[in-house]
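Worksheet for the structure shown next.
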Amino acid sequence: MDSDRLIPKSIEMIVSRSLKGGGFAQRQNGEFRPDVTAWSIIALTTGNIYRDLVENSCNRLAASQLNDGRIPVAEDLDNVYWPTALAVLAWKSTGGFENEIKRATKFLVKTSGLHFPREKDSPTGHDTAIRGWPWIAKAHSWIEPTSMAILALKATGNAGHDRVQEAVRMILDRKLPAGGWNYGNTVVFNQELSPTPEHTGQALCALSGFVHHSEIAKSIDYLGKEISILKTPISLCWGLFGLMAWAVKIKDNRERILNSLSLQQRYGHYDTSLLSKLVIAYNTEGNLSGFIMPS
Amino acid sequence: MGMEDKHRVIENSHAIWTRRKFLKVAGAAAVAGAVTAAGAVAEGIIPGYFTGNRELRASAFIASVSGYNQDIRGIILSGFRELGIHAEGIKGKKILLKPNLVNPQKHLEHLYTHPLVIRGAVEAFLSMGADEVFVAEASGHGRDSFMDLEESGLADILYEDKIPFVDLNESSVVRAKNLGQTSQLEYFYFPEEVYKADIIVSMAKMKTHHWAGVTLSMKNMFGVMPGIVYGWPKNLLHWAGIDECIYDINATLKPSLAIVDGIVGMEGDGPIMGDPVRSNVIIMGLNSTAVDATCARIMGIDPDKIPYLKYASGNIGPISETNIEQRGETVPGVQKYFRLIESIPAQKRLRL
């Protein structure tokens with residue numbers, strides 16, 4: 001496909017997966033997904049296009065919010081509430097929805113994963129007592145949901161909240177000794193695990209503005225080296241988002257995003273959330289943090 | 001919310017080779033918004049299994065394979081013959097191949113089901129008249145499935161052979177009652193693709209595991225559980241009990257066939273940080289419990305000491321040698337003791 005057409009085509013594909021009642025599906029003929037809807041809203045907002053569709057989708061997100069402020073991943077899966085932070089970011093990106101944002105942030109600050117003092121002979125290396133956010137109720141906290149909750153709370157003016165400060169400590173505690181992050185385990189049975197670009201980018205976005213560069217220098221080095229070979233959408237986008245959150249400029253980032261889009265010839269059509277992340281990365285030149293939290 | 005939002009509900013199921021029936025039932029359940037019992041009867045290629053035969057005897061086929069450059073398609077076809085799998089059981093069917101792709105890294109072939117084993121299975125099923133074969137996985141440690149495909153080398157095979165791949169982490173989900181009932185989980189949420197497939201094949205890697213003792217065809221089914229419901233990692237299943245969930249998932253889903261890549265396996269601190277071990281075998285069978293028990297014996301591990309196999313024993317399959325008919329090679333003929341780490345509780349005192 002002509003590379004000039006890749007971004008418009010991607011937007012067409014995202015829009016083709018919008019639903020009658022507002023919101024977006026992950027795949028053609030799929031059902032409403034709040035997380036996918038949030039990424040699609042942000043993507044379309046970065047281009048300032050399809051405003052009616054964006055507004056309908058924001059309303060659909062609002063309709064899926066439960067009384068206590070959470071946004072579950074699907075109807076009758078109330079305990080799977082990780083999309084809540086993403087919904088906040090989507091609403092913040094468009095403006096409005098203050099009441100919904102307030103309820104969602106209230107839910108986030110009163111919710112945490114399962115935490116407990118680290119046992120002396122624990123096989124895992126991290127401090128299990130420091131609270132972050134889980135994917136699902138009654139489970140431990142991990143890097144992605146904690147990073148997204150920090151971003152959401154930061155975007156809503158809650159950067160100074162105790163829960164955010166504690167979550168920043170949690171993420172630093174989960175940093176791998178050699179730099180970078182994975183899903184959230186550092187050492188298991190005395191073996192240091194490996195980082196991933198995806199989680200390192202998320203953690204770097206979350207920590208921006210909270211910690212000194214020296215605390216994440218090795219992680220930036222790791223991601224800076226990896227980024228040159230990344231081509232799959234999730235790793236590439238989070239790699240760019242994470243580095244740009246620390247003002248590390250990447251050469252040819254738009255060309256690399258287009259190359260990633262062209263890999264659909266190899267992998268088949270991308271899911272909506274992948275297309276959305278790539279469109280966001282393209283339109284913001286990797287500066288997701290700057291877009292949702294303009295200085 | 002409209003009907004498009006409802007995920008499908010399956011309250012009970014017993015079919016092995018008739019999963020498309022479930023979809024029809026599931027669709028009806030979604031429309032009606034009601035609880036539905038499927039209760040389909042197994043009509044497959046292994047008469048007696050899951051149809052009231054409490055003796056739970058099964059066969060496991062062991063092939064000696066010197067390397068990934070061998071004729072793996074031919075080996076798998078030999079396995080089909082030995083296990084009594086005929087073309088009429090496969091013709092026109094939709095086959096889901098579930099590999100182990102946890103944290104693959106380029107050229108570390110002890111980490112993942114080797115792509116050439118997957119290619120061999122695809123070719124074998126297609127040569128027997130399968131209508132469609134696809135690969136599906138829900139990566140456990142991150143969302144980037146395409147990177148996992150690239151790192152494992154599977155992306156090249158899928159592209160060259162035009163084999164579809166489905167990221168199960170992002171699929172629509174179907175709720176199913178937990179038929180194992182050893183964990184406290186009342187329901188599981190499975191990707192809808194597992195119900196669209198007629199035949200689910202667990203294409204596992206032969207490894208030791210630091211939480212479960214071993215990871216073979218039954219633990220491999222953790223990898224169908226969708227991340228959008230269970231997270232990355234699938235921590236809820238760990239809190240609910242890894243051994244219990246391994247059993248419950250298999251008792252509920254009942255994969256149709258197991259193929260374990262033990263050509264190069266992993267010993268020590270598996271499933272990620274262990275060392276390669278060359279055992280030069282492929283193990284196959286229609287009963288996952290019997291296959292895993294056989295793999296354990298080949299690894300020098302007593303299946304009676306693996307908690308999830310104890311749950312499975314007598315309920316969904318046999319683990320005693322007397323109830324497993326070994327086809328192909330014998331266990332002693334291919335046995336290769338995998339290194340265990342005594343300081344890891346799940347690997348302590350597992351030796352035969």
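Letters A, B, ... mark the chains of the structure tokens in the order given; residue numbers begin at 1 per chain; ligand numbers begin at 1, in order shown.
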Interface rows for chain A against chain B: nearest pair, Å to one decimal, 8 Å, only C-alpha atoms, as JSON lines:
{"residue": "A:Gly21", "atom": "CA", "partner": "B:Gly2", "partner_atom": "CA", "distance": 7.8}
{"residue": "A:Gln26", "atom": "CA", "partner": "B:Glu170", "partner_atom": "CA", "distance": 7.4}
{"residue": "A:Gly30", "atom": "CA", "partner": "B:Ser172", "partner_atom": "CA", "distance": 7.2}
{"residue": "A:Glu31", "atom": "CA", "partner": "B:Asp5", "partner_atom": "CA", "distance": 5.0}
{"residue": "A:Phe32", "atom": "CA", "partner": "B:Asp5", "partner_atom": "CA", "distance": 5.6}
{"residue": "A:Ser64", "atom": "CA", "partner": "B:Met1", "partner_atom": "CA", "distance": 7.9}
{"residue": "A:Val73", "atom": "CA", "partner": "B:Ile228", "partner_atom": "CA", "distance": 7.3}
{"residue": "A:Ala74", "atom": "CA", "partner": "B:Asp5", "partner_atom": "CA", "distance": 7.3}
{"residue": "A:Glu75", "atom": "CA", "partner": "B:Lys6", "partner_atom": "CA", "distance": 6.7}
{"residue": "A:Val80", "atom": "CA", "partner": "B:Val229", "partner_atom": "CA", "distance": 6.2}
{"residue": "A:Trp135", "atom": "CA", "partner": "B:Gly231", "partner_atom": "CA", "distance": 5.3}
{"residue": "A:Ile136", "atom": "CA", "partner": "B:Tyr230", "partner_atom": "CA", "distance": 6.9}
{"residue": "A:Lys138", "atom": "CA", "partner": "B:Leu236", "partner_atom": "CA", "distance": 7.0}
{"residue": "A:Ala139", "atom": "CA", "partner": "B:Leu236", "partner_atom": "CA", "distance": 5.4}
{"residue": "A:His140", "atom": "CA", "partner": "B:Asn235", "partner_atom": "CA", "distance": 7.0}
{"residue": "A:Asn182", "atom": "CA", "partner": "B:His141", "partner_atom": "CA", "distance": 7.9}
{"residue": "A:Tyr183", "atom": "CA", "partner": "B:His141", "partner_atom": "CA", "distance": 6.1}
{"residue": "A:Phe189", "atom": "CA", "partner": "B:Ile344", "partner_atom": "CA", "distance": 7.3}
{"residue": "A:Gln191", "atom": "CA", "partner": "B:Met273", "partner_atom": "CA", "distance": 7.3}
{"residue": "A:Leu193", "atom": "CA", "partner": "B:Met273", "partner_atom": "CA", "distance": 7.8}
{"residue": "A:Glu198", "atom": "CA", "partner": "B:Gly142", "partner_atom": "CA", "distance": 7.6}
{"residue": "A:His199", "atom": "CA", "partner": "B:Gly142", "partner_atom": "CA", "distance": 8.0}
{"residue": "A:Thr232", "atom": "CA", "partner": "B:Met147", "partner_atom": "CA", "distance": 6.1}
{"residue": "A:Pro233", "atom": "CA", "partner": "B:Asp144", "partner_atom": "CA", "distance": 7.7}
{"residue": "A:Ile234", "atom": "CA", "partner": "B:Asp144", "partner_atom": "CA", "distance": 5.7}
{"residue": "A:Ser235", "atom": "CA", "partner": "B:Asp144", "partner_atom": "CA", "distance": 6.7}
{"residue": "A:Arg266", "atom": "CA", "partner": "B:Tyr159", "partner_atom": "CA", "distance": 6.1}
{"residue": "A:Tyr267", "atom": "CA", "partner": "B:Tyr159", "partner_atom": "CA", "distance": 7.5}
Note to self: Based on the backbone DSSP call, show me all residues of stretch 78-117 of chain B assigned strand (DSSP E or B), as a count of residues only.
What the structure shows: 6
Next item on the list: Could you give me the residues within stretch 112-318 of chain B that DSSP places in alpha helix (DSSP H), as a VMD selection string?
Entry: chain B and resid 115 to 127 145 to 152 154 to 161 193 to 196 227 to 230 235 to 239 242 to 253 288 to 298 307 to 312
Item checked: Residue with smallest distance to B:Glu193 - pool B:Asp302, B:Glu321, B:Asp248, B:Glu137, counting only C-alpha atoms ->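 Selected residue with least distance to B:Glu193: B:Glu137.
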Next item on the list: Give me the residues within 12 Å of A:Ala62 as a PyMOL selection string, counting only C-alpha atoms and dropping any in the same chain fewer than 4 places off.
Entry: (chain A and resi 22-23+34+37-38+55-58+66-67+69-72+84+87-88+90-91+96-104) or (chain B and resi 1)
Notebook entry, point to check: Near A:Val248, counting only C-alpha atoms, which residues have an atom at most 9 Å away, once you skip same-chain residues fewer than 4 positions from it, shown as a PyMOL selection string?
Noted result: chain A and resi 220+224+240+242-244
Note to self: Would you pick out the contacts of B:Gly129 at 8 Å or less, using only C-alpha atoms, so that residues sharing its chain but fewer than 3 positions from it are not included, and give the list as an MDAnalysis selection string?
What the structure shows: chainID B and resid 87 90:93 125:126
I need the chosen residues saved as a PDB file, in the first residue's frame, with all heavy atoms.
ATOM      1  N   ALA B  87      -9.000 -40.157   9.085  1.00  0.00           N
ATOM      2  CA  ALA B  87      -9.356 -38.976   8.290  1.00  0.00           C
ATOM      3  C   ALA B  87     -10.785 -38.521   8.562  1.00  0.00           C
ATOM      4  O   ALA B  87     -11.064 -37.319   8.601  1.00  0.00           O
ATOM      5  CB  ALA B  87      -9.156 -39.264   6.803  1.00  0.00           C
ATOM      6  N   ILE B  90     -11.212 -35.895  11.071  1.00  0.00           N
ATOM      7  CA  ILE B  90     -10.546 -34.607  10.824  1.00  0.00           C
ATOM      8  C   ILE B  90     -11.118 -33.883   9.610  1.00  0.00           C
ATOM      9  O   ILE B  90     -11.152 -32.656   9.568  1.00  0.00           O
ATOM     10  CB  ILE B  90      -9.022 -34.855  10.644  1.00  0.00           C
ATOM     11  CG1 ILE B  90      -8.423 -35.288  11.990  1.00  0.00           C
ATOM     12  CG2 ILE B  90      -8.309 -33.617  10.115  1.00  0.00           C
ATOM     13  CD1 ILE B  90      -6.999 -35.759  11.906  1.00  0.00           C
ATOM     14  N   LYS B  91     -11.603 -34.673   8.672  1.00  0.00           N
ATOM     15  CA  LYS B  91     -12.084 -34.092   7.412  1.00  0.00           C
ATOM     16  C   LYS B  91     -13.142 -33.012   7.654  1.00  0.00           C
ATOM     17  O   LYS B  91     -14.111 -33.223   8.388  1.00  0.00           O
ATOM     18  CB  LYS B  91     -12.681 -35.202   6.538  1.00  0.00           C
ATOM     19  CG  LYS B  91     -12.784 -34.823   5.095  1.00  0.00           C
ATOM     20  CD  LYS B  91     -13.184 -36.005   4.244  1.00  0.00           C
ATOM     21  CE  LYS B  91     -13.351 -35.521   2.815  1.00  0.00           C
ATOM     22  NZ  LYS B  91     -13.921 -36.527   1.970  1.00  0.00           N
ATOM     23  N   GLY B  92     -12.893 -31.847   7.049  1.00  0.00           N
ATOM     24  CA  GLY B  92     -13.867 -30.761   7.143  1.00  0.00           C
ATOM     25  C   GLY B  92     -13.844 -30.017   8.474  1.00  0.00           C
ATOM     26  O   GLY B  92     -14.646 -29.100   8.677  1.00  0.00           O
ATOM     27  N   LYS B  93     -12.945 -30.392   9.361  1.00  0.00           N
ATOM     28  CA  LYS B  93     -12.941 -29.781  10.689  1.00  0.00           C
ATOM     29  C   LYS B  93     -12.060 -28.518  10.736  1.00  0.00           C
ATOM     30  O   LYS B  93     -11.152 -28.334   9.933  1.00  0.00           O
ATOM     31  CB  LYS B  93     -12.426 -30.785  11.728  1.00  0.00           C
ATOM     32  CG  LYS B  93     -13.295 -32.018  11.905  1.00  0.00           C
ATOM     33  CD  LYS B  93     -14.581 -31.683  12.629  1.00  0.00           C
ATOM     34  CE  LYS B  93     -15.274 -32.885  13.246  1.00  0.00           C
ATOM     35  NZ  LYS B  93     -15.729 -33.902  12.327  1.00  0.00           N
ATOM     36  N   PHE B 125      -2.582 -32.143   9.575  1.00  0.00           N
ATOM     37  CA  PHE B 125      -4.043 -31.973   9.615  1.00  0.00           C
ATOM     38  C   PHE B 125      -4.609 -31.679   8.224  1.00  0.00           C
ATOM     39  O   PHE B 125      -5.657 -32.200   7.852  1.00  0.00           O
ATOM     40  CB  PHE B 125      -4.428 -30.859  10.597  1.00  0.00           C
ATOM     41  CG  PHE B 125      -4.493 -31.330  12.028  1.00  0.00           C
ATOM     42  CD1 PHE B 125      -3.551 -30.940  12.956  1.00  0.00           C
ATOM     43  CD2 PHE B 125      -5.520 -32.177  12.436  1.00  0.00           C
ATOM     44  CE1 PHE B 125      -3.612 -31.379  14.267  1.00  0.00           C
ATOM     45  CE2 PHE B 125      -5.594 -32.626  13.749  1.00  0.00           C
ATOM     46  CZ  PHE B 125      -4.632 -32.224  14.669  1.00  0.00           C
ATOM     47  N   LEU B 126      -3.909 -30.825   7.484  1.00  0.00           N
ATOM     48  CA  LEU B 126      -4.424 -30.504   6.143  1.00  0.00           C
ATOM     49  C   LEU B 126      -4.408 -31.731   5.241  1.00  0.00           C
ATOM     50  O   LEU B 126      -5.323 -31.951   4.447  1.00  0.00           O
ATOM     51  CB  LEU B 126      -3.612 -29.358   5.523  1.00  0.00           C
ATOM     52  CG  LEU B 126      -3.816 -27.974   6.170  1.00  0.00           C
ATOM     53  CD1 LEU B 126      -2.890 -26.931   5.557  1.00  0.00           C
ATOM     54  CD2 LEU B 126      -5.283 -27.507   6.059  1.00  0.00           C
TER      55      LEU B 126
END
Could you list, as a PDB file with C-alpha atoms, in the first residue's frame, every residue within 9 Å of A:Lys110, counting only C-alpha atoms and ignoring same-chain residues fewer than 4 positions away?
ATOM      1  CA  THR A 105     -10.684   9.066  39.873  1.00  0.00           C
ATOM      2  CA  LYS A 106     -12.507   8.556  43.166  1.00  0.00           C
ATOM      3  CA  ARG A 163      -1.726   6.799  46.156  1.00  0.00           C
TER       4      ARG A 163
END
Next item on the list: Pick out the residues sitting within 7 Å of A:Leu258, and hand them over as JSON, numbers by chain; count only C-alpha atoms, and ignore anything fewer than 3 positions along from it in its own chain.
Entry: {"A": [3, 6, 254, 255, 261, 262]}
Those residues you just picked out, can you put them in a file as a compact mmCIF listing (two decimals), in the first residue's frame with N, CA and C atoms?
# COMPACT_ATOMS: atom_id res chain seq x y z
N SER A 3 2.46 4.42 1.16
CA SER A 3 2.64 4.80 2.57
C SER A 3 1.90 6.09 2.92
N LEU A 6 -1.43 5.20 4.36
CA LEU A 6 -1.52 4.28 5.50
C LEU A 6 -2.26 4.88 6.70
N ARG A 254 8.18 8.74 12.31
CA ARG A 254 6.96 8.58 11.49
C ARG A 254 7.15 7.49 10.43
N GLU A 255 8.32 7.45 9.86
CA GLU A 255 8.58 6.41 8.86
C GLU A 255 8.48 5.03 9.50
N LEU A 261 2.75 -0.11 10.26
CA LEU A 261 1.42 -0.27 9.66
C LEU A 261 1.46 -1.17 8.43
N SER A 262 2.54 -1.05 7.68
CA SER A 262 2.62 -1.85 6.45
C SER A 262 2.81 -3.34 6.76
